[in-house]
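Q: Pasting input.pdb below, which is PDB, C-alpha atoms.
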```pdb
ATOM      1  CA  MET A   1      33.906   3.988  22.680  1.00  0.00           C
ATOM      2  CA  ALA A   2      31.920   2.031  20.073  1.00  0.00           C
ATOM      3  CA  ALA A   3      28.310   0.894  20.112  1.00  0.00           C
ATOM      4  CA  THR A   4      26.124  -0.962  17.686  1.00  0.00           C
ATOM      5  CA  ILE A   5      22.747   0.612  16.929  1.00  0.00           C
ATOM      6  CA  SER A   6      20.372  -1.083  14.542  1.00  0.00           C
ATOM      7  CA  ALA A   7      16.850  -0.401  13.308  1.00  0.00           C
ATOM      8  CA  THR A   8      15.451  -2.477  16.171  1.00  0.00           C
ATOM      9  CA  GLY A   9      17.226  -0.512  18.849  1.00  0.00           C
ATOM     10  CA  PHE A  10      20.404  -0.537  20.915  1.00  0.00           C
ATOM     11  CA  LYS A  11      22.181  -3.864  20.522  1.00  0.00           C
ATOM     12  CA  GLY A  12      25.461  -5.160  21.720  1.00  0.00           C
ATOM     13  CA  CYS A  13      27.553  -3.628  24.374  1.00  0.00           C
ATOM     14  CA  LEU A  14      30.021  -0.854  24.579  1.00  0.00           C
ATOM     15  CA  SER A  15      33.653  -1.660  24.106  1.00  0.00           C
ATOM     16  CA  LEU A  16      35.512   0.357  26.655  1.00  0.00           C
ATOM     17  CA  SER A  17      39.120   1.256  26.458  1.00  0.00           C
ATOM     18  CA  SER A  18      41.263   1.750  29.503  1.00  0.00           C
ATOM     19  CA  ALA A  19      40.988   5.531  29.064  1.00  0.00           C
ATOM     20  CA  SER A  20      37.220   5.675  29.305  1.00  0.00           C
ATOM     21  CA  LEU A  21      35.363   3.690  31.905  1.00  0.00           C
ATOM     22  CA  MET A  22      31.620   3.879  32.307  1.00  0.00           C
ATOM     23  CA  ALA A  23      29.959   3.189  35.557  1.00  0.00           C
ATOM     24  CA  GLY A  24      26.931   0.886  35.656  1.00  0.00           C
ATOM     25  CA  GLU A  25      24.556   3.804  36.199  1.00  0.00           C
ATOM     26  CA  ASP A  26      25.844   5.646  33.135  1.00  0.00           C
ATOM     27  CA  TYR A  27      25.369   2.547  30.990  1.00  0.00           C
ATOM     28  CA  THR A  28      21.821   2.072  32.295  1.00  0.00           C
ATOM     29  CA  ALA A  29      20.965   5.715  31.589  1.00  0.00           C
ATOM     30  CA  LEU A  30      22.437   5.460  28.098  1.00  0.00           C
ATOM     31  CA  ALA A  31      20.634   2.201  27.355  1.00  0.00           C
ATOM     32  CA  GLY A  32      17.361   3.661  28.676  1.00  0.00           C
ATOM     33  CA  ALA A  33      17.710   6.749  26.469  1.00  0.00           C
ATOM     34  CA  VAL A  34      17.955   4.707  23.270  1.00  0.00           C
ATOM     35  CA  PRO A  35      14.535   3.532  22.060  1.00  0.00           C
ATOM     36  CA  MET A  36      14.116  -0.206  21.704  1.00  0.00           C
ATOM     37  CA  ARG A  37      12.293   0.126  18.393  1.00  0.00           C
ATOM     38  CA  VAL A  38      12.734   2.881  15.907  1.00  0.00           C
ATOM     39  CA  ARG A  39       9.659   3.724  13.859  1.00  0.00           C
ATOM     40  CA  VAL A  40      10.329   4.364  10.238  1.00  0.00           C
ATOM     41  CA  ALA A  41       7.626   6.251   8.374  1.00  0.00           C
ATOM     42  CA  ARG A  42       6.197   4.480   5.369  1.00  0.00           C
ATOM     43  CA  PRO A  43       6.759   6.521   2.212  1.00  0.00           C
ATOM     44  CA  VAL A  44       3.628   8.244   1.028  1.00  0.00           C
ATOM     45  CA  ARG A  45       2.537   7.070  -2.413  1.00  0.00           C
ATOM     46  CA  LEU A  46       0.525   9.436  -4.464  1.00  0.00           C
ATOM     47  CA  ARG A  47      -2.373   7.916  -6.300  1.00  0.00           C
ATOM     48  CA  PRO A  48      -1.892   7.962 -10.023  1.00  0.00           C
ATOM     49  CA  MET A  49      -4.124  10.542 -11.593  1.00  0.00           C
ATOM     50  CA  MET A  50      -5.181  10.696 -15.168  1.00  0.00           C
ATOM     51  CA  LYS A  51      -4.668  14.307 -15.949  1.00  0.00           C
ATOM     52  CA  ASN A  52      -4.829  16.244 -19.173  1.00  0.00           C
ATOM     53  CA  VAL A  53      -1.497  17.905 -19.873  1.00  0.00           C
ATOM     54  CA  ASN A  54      -3.229  20.482 -22.060  1.00  0.00           C
ATOM     55  CA  GLU A  55      -5.867  21.297 -19.448  1.00  0.00           C
ATOM     56  CA  GLY A  56      -7.189  24.799 -19.971  1.00  0.00           C
ATOM     57  CA  LYS A  57      -5.436  25.102 -23.325  1.00  0.00           C
ATOM     58  CA  GLY A  58      -6.877  24.609 -26.744  1.00  0.00           C
ATOM     59  CA  VAL A  59      -9.390  26.363 -28.933  1.00  0.00           C
ATOM     60  CA  PHE A  60     -12.469  24.773 -27.387  1.00  0.00           C
ATOM     61  CA  ALA A  61     -11.376  24.813 -23.723  1.00  0.00           C
ATOM     62  CA  PRO A  62     -13.260  28.026 -22.786  1.00  0.00           C
ATOM     63  CA  VAL A  63     -16.468  26.671 -24.339  1.00  0.00           C
ATOM     64  CA  VAL A  64     -16.071  23.402 -22.430  1.00  0.00           C
ATOM     65  CA  VAL A  65     -15.461  25.198 -19.115  1.00  0.00           C
ATOM     66  CA  VAL A  66     -18.512  27.461 -19.580  1.00  0.00           C
ATOM     67  CA  ALA A  67     -20.716  24.507 -20.590  1.00  0.00           C
ATOM     68  CA  ARG A  68     -19.590  22.547 -17.510  1.00  0.00           C
ATOM     69  CA  SER A  69     -20.427  25.446 -15.188  1.00  0.00           C
ATOM     70  CA  VAL A  70     -23.842  26.045 -16.830  1.00  0.00           C
ATOM     71  CA  VAL A  71     -25.010  22.431 -17.061  1.00  0.00           C
ATOM     72  CA  GLY A  72     -23.391  21.087 -13.891  1.00  0.00           C
ATOM     73  CA  LYS A  73     -20.461  18.737 -13.482  1.00  0.00           C
ATOM     74  CA  LYS A  74     -22.444  15.489 -13.178  1.00  0.00           C
ATOM     75  CA  THR A  75     -24.684  16.121 -16.186  1.00  0.00           C
ATOM     76  CA  PHE A  76     -21.733  17.419 -18.192  1.00  0.00           C
ATOM     77  CA  ASN A  77     -19.721  14.242 -17.530  1.00  0.00           C
ATOM     78  CA  GLN A  78     -22.697  12.113 -18.594  1.00  0.00           C
ATOM     79  CA  LEU A  79     -23.054  14.077 -21.840  1.00  0.00           C
ATOM     80  CA  ARG A  80     -19.307  13.894 -22.446  1.00  0.00           C
ATOM     81  CA  GLY A  81     -19.391  10.107 -21.923  1.00  0.00           C
ATOM     82  CA  LYS A  82     -22.212   9.742 -24.450  1.00  0.00           C
ATOM     83  CA  ALA A  83     -20.366  11.921 -26.982  1.00  0.00           C
ATOM     84  CA  ILE A  84     -17.174   9.889 -26.566  1.00  0.00           C
ATOM     85  CA  ALA A  85     -19.131   6.635 -26.985  1.00  0.00           C
ATOM     86  CA  LEU A  86     -20.800   7.924 -30.169  1.00  0.00           C
ATOM     87  CA  HIS A  87     -17.449   9.059 -31.545  1.00  0.00           C
ATOM     88  CA  SER A  88     -15.927   5.643 -30.814  1.00  0.00           C
ATOM     89  CA  GLN A  89     -18.829   3.982 -32.634  1.00  0.00           C
ATOM     90  CA  VAL A  90     -18.225   6.209 -35.663  1.00  0.00           C
ATOM     91  CA  ILE A  91     -14.549   5.238 -35.641  1.00  0.00           C
ATOM     92  CA  ASN A  92     -15.482   1.532 -35.321  1.00  0.00           C
ATOM     93  CA  GLU A  93     -17.913   1.751 -38.260  1.00  0.00           C
ATOM     94  CA  PHE A  94     -15.311   3.559 -40.346  1.00  0.00           C
ATOM     95  CA  CYS A  95     -12.737   0.850 -39.570  1.00  0.00           C
ATOM     96  CA  LYS A  96     -15.228  -1.861 -40.539  1.00  0.00           C
ATOM     97  CA  SER A  97     -16.031  -0.145 -43.817  1.00  0.00           C
ATOM     98  CA  ILE A  98     -12.373   0.138 -44.866  1.00  0.00           C
ATOM     99  CA  GLY A  99     -11.401  -3.255 -43.416  1.00  0.00           C
ATOM    100  CA  ALA A 100      -8.925  -1.988 -40.807  1.00  0.00           C
ATOM    101  CA  GLU A 101      -7.544  -4.348 -38.173  1.00  0.00           C
ATOM    102  CA  SER A 102      -8.255  -3.981 -34.461  1.00  0.00           C
ATOM    103  CA  LYS A 103      -4.776  -2.528 -33.758  1.00  0.00           C
ATOM    104  CA  GLN A 104      -5.371   0.184 -36.334  1.00  0.00           C
ATOM    105  CA  ARG A 105      -8.784   0.884 -34.804  1.00  0.00           C
ATOM    106  CA  GLN A 106      -7.252   1.203 -31.324  1.00  0.00           C
ATOM    107  CA  GLY A 107      -4.615   3.525 -32.750  1.00  0.00           C
ATOM    108  CA  LEU A 108      -7.297   5.738 -34.290  1.00  0.00           C
ATOM    109  CA  ILE A 109      -9.178   5.915 -30.981  1.00  0.00           C
ATOM    110  CA  ARG A 110      -5.954   6.901 -29.159  1.00  0.00           C
ATOM    111  CA  LEU A 111      -5.256   9.515 -31.811  1.00  0.00           C
ATOM    112  CA  ALA A 112      -8.779  10.923 -31.396  1.00  0.00           C
ATOM    113  CA  LYS A 113      -8.226  11.203 -27.634  1.00  0.00           C
ATOM    114  CA  LYS A 114      -4.897  13.015 -28.099  1.00  0.00           C
ATOM    115  CA  ASN A 115      -6.471  15.406 -30.593  1.00  0.00           C
ATOM    116  CA  GLY A 116      -9.368  16.053 -28.222  1.00  0.00           C
ATOM    117  CA  GLU A 117      -6.913  16.909 -25.460  1.00  0.00           C
ATOM    118  CA  LYS A 118      -4.958  19.282 -27.708  1.00  0.00           C
ATOM    119  CA  LEU A 119      -8.089  21.018 -28.952  1.00  0.00           C
ATOM    120  CA  GLY A 120      -9.442  21.470 -25.436  1.00  0.00           C
ATOM    121  CA  PHE A 121     -12.442  19.132 -25.544  1.00  0.00           C
ATOM    122  CA  LEU A 122     -11.183  17.316 -22.425  1.00  0.00           C
ATOM    123  CA  ALA A 123     -10.492  20.489 -20.418  1.00  0.00           C
TER     124      ALA A 123
END
```
I'd like the structure from this file rewritten - as structure tokens, please.
A:
Amino acid sequence: MAATISATGFKGCLSLSSASLMAGEDYTALAGAVPMRVRVARPVRLRPMMKNVNEGKGVFAPVVVVARSVVGKKTFNQLRGKAIALHSQVINEFCKSIGAESKQRQGLIRLAKKNGEKLGFLA
């Protein structure tokens, strides 16, 4: 006995050999038991998260965690944003003074971020 089942349901008919005969009622019961449409769950995609691999590590991580709990998360993030902006301005001014190209400047900013993560400033 062979049947074709696809993602949309039971298709085709049964090929019956002389040894196995199905009555009309059995076929109807079998066809009724197979769902016409099979629901396939959509895979769950996790949102990409920017996460610090060195979170909680580093020399300054305990100081950062205590400061965040004392000041409050919202105020702390505002202060951190201002500090990062000031640091980027210092890097930009340094690059202008030595005549570095924009790619070198971007590389220095990336390096500063990596160092900040390792030291625990971004904990």
Q: Check the smallest atom-to-atom distance from each of A:Pro43, A:Gly32, A:Gly81, A:Gly72 to Phe121 (chain A) using only C-alpha atoms, then report the winner.
A: A:Gly81
Q: So how far away is CA of Lys57 (chain A) from CA of Gly120 (chain A), in Å?
A: 5.8 Å
Q: Run the PyMOL selection byres ((chain A and resi 119) around 8) mentally over the shown coordinates, then write out the matched residues as a VMD selection string, using the chain letters and numbers from the document.
A: chain A and resid 57 to 61 115 to 118 120 to 121
Q: Can you measure CA of Val65 (chain A) to CA of Ala123 (chain A) for me? One decimal in Å is fine.
A: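 Going from CA of Val65 (chain A) over to CA of Ala123 (chain A), I get 7.0 Å.
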Q: Name every residue that the PyMOL selection byres ((chain A and resi 84-89) around 10) selects in this structure, writing the answer as a list in words with chains first and numbers rising.
A: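 Output from the PyMOL selection byres ((chain A and resi 84-89) around 10), applied to this file: Gln78, Leu79, Arg80, Gly81, Lys82, Ala83, Val90, Ile91, Asn92, Glu93, Phe94, Cys95, Arg105, Gln106, Leu108, Ile109, Ala112 and Lys113 of chain A.
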Q: Calculate how many Å separate CA of Pro62 (chain A) from CA of Lys74 (chain A), rounding to one decimal.
A: 18.3 Å
Q: Work out where the centre of an axis-aligned box around every listed atom of region 99-116 of chain A lies and how long its edges are once 3 Å is added on each side; give both in Å to one decimal as JSON.
A:
```
{"center_x": -8.0, "center_y": 5.9, "center_z": -35.5, "size_x": 12.8, "size_y": 26.4, "size_z": 21.8}
```
